[in-house]
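Here the structure comes first, spelled out in structure tokens, and everything after it is commentary.
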Amino acid sequence: MYKKSALEWLIPLITVFALITAGVGLMIQGGEGTYTFTNRYGQEIEMYGKGLYQYDSRLVGAGFRGTDVVTLLLAIPMLLVSYAQYRRGSLRGGIFLVAALFYFLYNGASMTFAASFNSLFLIYIALFSSSTFALVITLVRFDINDLTNRVQERFPHRGIAIFLFVAGIGTLFLWVSELVGPILQGGAPEIIGPYTTLFTHGFPSGSLR
């Protein structure tokens with residue numbers, strides 16, 4: 001399965017960018033702390049007010065810090081281990097590598113388009129870009145025939161398809177339900193915070209996650 005490619009340098013770059021974004025996001029502790037202000041829609045917004053995410057809402061800032069923990073403890077190790085297995089020709093390693101790269105692509109996109117501007121903005125763009133290229137390369141080189149041959153006849157295709165469909169539709173309705181009322185009433189969603197729009201309303205809803 002494995003052939004030499006740009007992944008030789010893309011994977012290390014993704015690892016470095018992810019270490020920087022997650023590490024800095026957790027280590028920086030400055031800021032005045034939680035405070036409130038009135039946004040352009042007249043809503044009282046509670047801001048995170050601490051560290052790298054001090055200009056994000058409390059909900060979003062806390063979410064970013066939680067994601068940083070997941071990135072350091074789970075996502076980066078998964079990326080490195082799966083890539084090592086992928087290089088040895090492991091089909092399972094290739095599947096996990098695709099999953100890990102999707103995580104970093106989504107994380108990079110979230111930080112690039114959702115986080116309030118901060119000193120790591122260019123690193124966010126670099127993580128998003130390198131993850132996108134790495135994922136495309138991995139998918140193009142993925143041996144679909146090998147995967148097809150290893151899938152047993154009793155593999156629960158229908159059950160998995162139904163689960164994914166229900167999960168996607170459920171996510172769609174979850175996010176869209178927050179938008180319909182404000183759109184019809186000429187207002188804004190309650191969780192919009194200090195932002196003009198929310199990345200999570202557009203990207204997950206449009207792609208069914």
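To be explicit about the labels: the chains of the structure tokens are called A, B, and onward in the order shown, and within each one the residues are counted from 1, while ligands get numbers from 1 in the order they are shown.
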Q.
Which residues are close to Val140 in chain A, i.e. within 12 Å by only C-alpha atoms, leaving aside same-chain residues fewer than 2 positions away? Reply as a ChimeraX atom specification.
A. /A:1-3,5,94,98,133-138,142-144
Q: Using backbone DSSP assignments, extract all alpha helix (DSSP H) residues from range 71-196 of chain A; output them as a ChimeraX atom specification.
A: /A:76-87,91-113,121-141,144-150,157-185
Q: Determine, counting only C-alpha atoms, which protein, DNA and RNA residues have an atom within 12 Å of an atom of Thr38 in chain A; residues of the same chain fewer than 2 positions away are not included. Present the result as JSON, numbers by chain.
A: {"A": [35, 36, 40, 41, 42, 43, 44, 45, 46, 47, 57, 192, 193, 194, 195]}
Within 7 Å of range 12-16 of chain A, which residues of range 29-134 of chain A come that close, and what is the closest atom pair and distance in Å for each? Count only C-alpha atoms and give it as JSON lines.
{"residue": "A:Ile76", "atom": "CA", "partner": "A:Thr15", "partner_atom": "CA", "distance": 6.4}
{"residue": "A:Leu127", "atom": "CA", "partner": "A:Ile14", "partner_atom": "CA", "distance": 5.9}
{"residue": "A:Ser130", "atom": "CA", "partner": "A:Ile14", "partner_atom": "CA", "distance": 6.3}
{"residue": "A:Ser131", "atom": "CA", "partner": "A:Ile14", "partner_atom": "CA", "distance": 6.5}
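Taking CA of Phe17 in chain A and CA of Ala126 in chain A as endpoints, the distance between them is 7.2 Å.
Among the candidates A:Ala6, A:Ala22, A:Ile11, A:Val176, the residue lying nearest to Ala84 in chain A is A:Ile11 (atoms considered: only C-alpha atoms).
Residues of range 3-157 of chain A assigned to strand (DSSP E) by DSSP on this structure's backbone: Tyr35, Thr36, Phe37, Thr38, Glu44, Ile45, Glu46 and Met47 of chain A.
With distances restricted to only C-alpha atoms, A:Ala115 is the closest residue to Leu52 in chain A from A:Ala167, A:Ala115, A:Val69, A:Ile191.
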Q | Selection near Gly33 in chain A, 6 Å with only C-alpha atoms, sequence-local residues under 2 positions removed, as a count of residues only | A | 3
Q) Separation of CA of Ile160 in chain A and CA of Thr71 in chain A, in Å? A) 26.5 Å
Q: Take CA of Glu190 in chain A and CA of Glu178 in chain A and report the distance between them in Å, one decimal.
A: 7.9 Å
